[in-house]
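Enquirer: Shown below is the structure under consideration.
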Amino acid sequence: MAERVAAVRERVAGAGGEDRVTIVAVTKRFGPESVAAAVAAGVDDVGESYAQELLAKAGAVAPSRWHFVGRLQANKVRSLVGTVSLWQSVDRARLVDELARRAPGARVLVQVDVSGEPSKGGCPPAEVPALVERAAEAGLEPAGLMAVAPLGPPEDARPGFRAVTALADRLGLQERSMGMSADLEVAVQEGSTMVRVGTALFGPRPPRPRAPHMGN
Ligand SMILES: *Cc1c(COP(=O)(O)O)cnc(C)c1O
């Protein structure tokens with residue numbers, strides 16, 4: 001694990017992000033022992049996409065910060081309050097309002113839809129400024145933007161990442177969470193401050209359970 005973490009840090013540094021980029025280990029579908037191994041290797045930030053999984057692992061291991069990175073249902077917010085440090089996938093008014101009610105002052109990223117793939121979530125770019133403003137007015141702390149690249153070769157992600165950085169600059173937002181195992185160099189070159197890395201740290205992900213009993 002230490003070697004894999006070092007390899008990811010090297011890739012980030014090679015793309016010019018050494019001093020600015022936080023590595024978030026995304027442990028979805030890996031067990032709590034994977035979280036523990038990453039933490040032992042010096043990773044402070046751990047991300048999960050499913051509420052149930054995050055809560056189960058948080059009962060077993062305590063990284064410095066948990067990030068919620070997946071599609072988020074408003075009815076799951078309540079159970080995650082007090083555990084999640086950064087809500088990365090806020091993409092609609094209903095979520096902003098629920099977070100403001102349940103977790104006043106919470107740090108959030110607004111997820112931007114750069115792929116046009118509905119399964120990935122995200123707010124249409126044109127609606128991002130209003131959602132950021134709504135979050136600030138509701139008493140949340142909008143810290144930046146997040147994006148999940150479209151399927152395809154890493155280079156195809158570049159225009160979307162560039163647009164996210166331009167939008168974050170325009171809105172005066174510091175954080176840009178973009179880049180995963182396959183495309184983190186492109187993301188860092190385009191201004192990422194946070195890469196979300198799963199398979200490059202943990203290897204191939206176990207298959208999704210057949211019955212969607214995990215919830216979201
Ligand atoms: C799974 C996931 C990642 C990590 O993906 P890898 O390709 O395994 O690095 C990053 N971000 C989100 C939102 C994810 O769901």
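Please note that chains go A, B, ... in the order of the structure tokens, that every chain numbers its residues from 1, and that ligands are numbered from 1 in the order shown.
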Within 8 Å of ligand 1, counting only C-alpha atoms and all ligand atoms: which residues, as an mmCIF file with C-alpha atoms, in the first residue's frame?

Expert:
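Contents of selection-v2.cif, as written:
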```
data_model
loop_
_atom_site.group_PDB
_atom_site.id
_atom_site.type_symbol
_atom_site.label_atom_id
_atom_site.label_comp_id
_atom_site.auth_asym_id
_atom_site.auth_seq_id
_atom_site.Cartn_x
_atom_site.Cartn_y
_atom_site.Cartn_z
ATOM 1 C CA ALA A 25 -8.661 7.280 -1.314
ATOM 2 C CA VAL A 26 -11.996 6.013 -2.635
ATOM 3 C CA THR A 27 -12.651 2.689 -0.953
ATOM 4 C CA LYS A 28 -16.086 1.801 -2.303
ATOM 5 C CA GLY A 47 -14.096 8.814 0.102
ATOM 6 C CA GLU A 48 -17.188 6.654 -0.212
ATOM 7 C CA SER A 49 -20.079 6.646 -2.680
ATOM 8 C CA VAL A 69 -18.447 11.350 -3.324
ATOM 9 C CA GLY A 70 -21.437 9.416 -4.741
ATOM 10 C CA SER A 89 -21.540 15.575 -4.667
ATOM 11 C CA LYS A 120 -23.008 10.351 -12.945
ATOM 12 C CA ALA A 147 -16.631 16.640 -11.461
ATOM 13 C CA VAL A 148 -16.644 13.074 -12.760
ATOM 14 C CA GLY A 179 -9.321 13.218 -11.577
ATOM 15 C CA MET A 180 -9.516 9.501 -10.779
ATOM 16 C CA SER A 181 -7.082 6.612 -11.277
ATOM 17 C CA ALA A 182 -7.178 6.739 -15.078
ATOM 18 C CA VAL A 195 -7.904 13.614 -6.884
ATOM 19 C CA ARG A 196 -10.203 10.722 -5.952
ATOM 20 C CA VAL A 197 -8.325 7.487 -6.382
ATOM 21 C CA GLY A 198 -9.642 3.944 -6.018
ATOM 22 C CA THR A 199 -8.219 1.235 -8.245
ATOM 23 C CA ALA A 200 -4.714 2.760 -8.467
ATOM 24 C CA LEU A 201 -4.447 2.222 -4.695
ATOM 25 C CA PRO A 204 -9.560 -3.932 -9.332
ATOM 26 C CA ARG A 205 -12.830 -3.287 -7.540
#
```

Enquirer: Skipping near chain neighbours, those fewer than 2 positions away, what residues fall within 7 Å of Trp66 (chain A) using only C-alpha atoms, listed as a PyMOL selection string?

Expert: chain A and resi 45-47+63+68+83-86

Enquirer: In Å, how far is it from CA of Met178 (chain A) to CA of Glu3 (chain A)?

Expert: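 Interatomic distance, CA of Met178 (chain A) to CA of Glu3 (chain A): 22.6 Å.
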
Enquirer: Just the residues within 9 Å of Glu190 (chain A), please, counting only C-alpha atoms, with nothing from its chain fewer than 3 positions along; format it as a PyMOL selection string.

Expert: chain A and resi 158-159+161-162+164-165+185-187

Enquirer: Output N, CA, C and O atoms for every residue in that selection, as a CSV table (one decimal), in the first residue's frame.

Expert:
```csv
chain,number,residue,atom,x,y,z
A,158,ARG,N,-10.3,16.4,-20.7
A,158,ARG,CA,-9.6,17.7,-20.5
A,158,ARG,C,-10.5,18.9,-20.6
A,158,ARG,O,-10.5,19.8,-19.8
A,159,PRO,N,-11.4,19.0,-21.7
A,159,PRO,CA,-12.2,20.2,-21.8
A,159,PRO,C,-13.1,20.4,-20.6
A,159,PRO,O,-13.3,21.5,-20.2
A,161,PHE,N,-12.6,19.3,-17.5
A,161,PHE,CA,-11.8,19.7,-16.3
A,161,PHE,C,-11.5,21.2,-16.5
A,161,PHE,O,-11.5,22.0,-15.5
A,162,ARG,N,-11.1,21.6,-17.7
A,162,ARG,CA,-10.7,23.0,-17.9
A,162,ARG,C,-11.9,23.9,-17.6
A,162,ARG,O,-11.8,25.0,-17.0
A,164,VAL,N,-14.4,23.3,-15.6
A,164,VAL,CA,-14.6,23.3,-14.1
A,164,VAL,C,-13.7,24.3,-13.4
A,164,VAL,O,-14.1,25.1,-12.6
A,165,THR,N,-12.4,24.3,-13.8
A,165,THR,CA,-11.5,25.2,-13.2
A,165,THR,C,-11.8,26.7,-13.6
A,165,THR,O,-11.8,27.5,-12.7
A,185,GLU,N,-3.6,12.6,-14.2
A,185,GLU,CA,-2.6,13.6,-14.7
A,185,GLU,C,-3.3,14.7,-15.5
A,185,GLU,O,-2.9,15.9,-15.3
A,186,VAL,N,-4.3,14.4,-16.3
A,186,VAL,CA,-5.0,15.4,-17.1
A,186,VAL,C,-5.7,16.4,-16.1
A,186,VAL,O,-5.6,17.6,-16.3
A,187,ALA,N,-6.3,15.8,-15.1
A,187,ALA,CA,-7.0,16.6,-14.1
A,187,ALA,C,-6.0,17.6,-13.4
A,187,ALA,O,-6.3,18.8,-13.2
```

Enquirer: List as JSON lines every residue of region 143-184 of chain A that is in contact with region 122-137 of chain A, defined as an atom at most 10 Å from one of its atoms (using only C-alpha atoms), together with the nearest atom pair and the distance in Å rounded to one decimal, sorted by chain and then rising number.

Expert:
```
{"residue": "A:Ala143", "atom": "CA", "partner": "A:Val132", "partner_atom": "CA", "distance": 9.2}
{"residue": "A:Gly144", "atom": "CA", "partner": "A:Val132", "partner_atom": "CA", "distance": 8.8}
{"residue": "A:Leu145", "atom": "CA", "partner": "A:Val128", "partner_atom": "CA", "distance": 9.0}
{"residue": "A:Met146", "atom": "CA", "partner": "A:Gly122", "partner_atom": "CA", "distance": 8.5}
{"residue": "A:Ala147", "atom": "CA", "partner": "A:Gly122", "partner_atom": "CA", "distance": 7.4}
{"residue": "A:Val148", "atom": "CA", "partner": "A:Gly122", "partner_atom": "CA", "distance": 8.4}
{"residue": "A:Ala163", "atom": "CA", "partner": "A:Pro125", "partner_atom": "CA", "distance": 8.8}
{"residue": "A:Val164", "atom": "CA", "partner": "A:Pro125", "partner_atom": "CA", "distance": 8.4}
{"residue": "A:Leu167", "atom": "CA", "partner": "A:Pro125", "partner_atom": "CA", "distance": 8.3}
{"residue": "A:Ala168", "atom": "CA", "partner": "A:Pro129", "partner_atom": "CA", "distance": 9.4}
{"residue": "A:Arg170", "atom": "CA", "partner": "A:Pro129", "partner_atom": "CA", "distance": 9.3}
{"residue": "A:Leu171", "atom": "CA", "partner": "A:Pro129", "partner_atom": "CA", "distance": 7.2}
{"residue": "A:Leu173", "atom": "CA", "partner": "A:Val132", "partner_atom": "CA", "distance": 9.6}
```

Enquirer: Ranking A:Val90, A:Val21, A:Ala7, A:Ala60 by minimum distance to Gln174 (chain A) and counting only C-alpha atoms, which one comes first?

Expert: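 The shortest atom-to-atom distance to Gln174 (chain A) comes from A:Val21.
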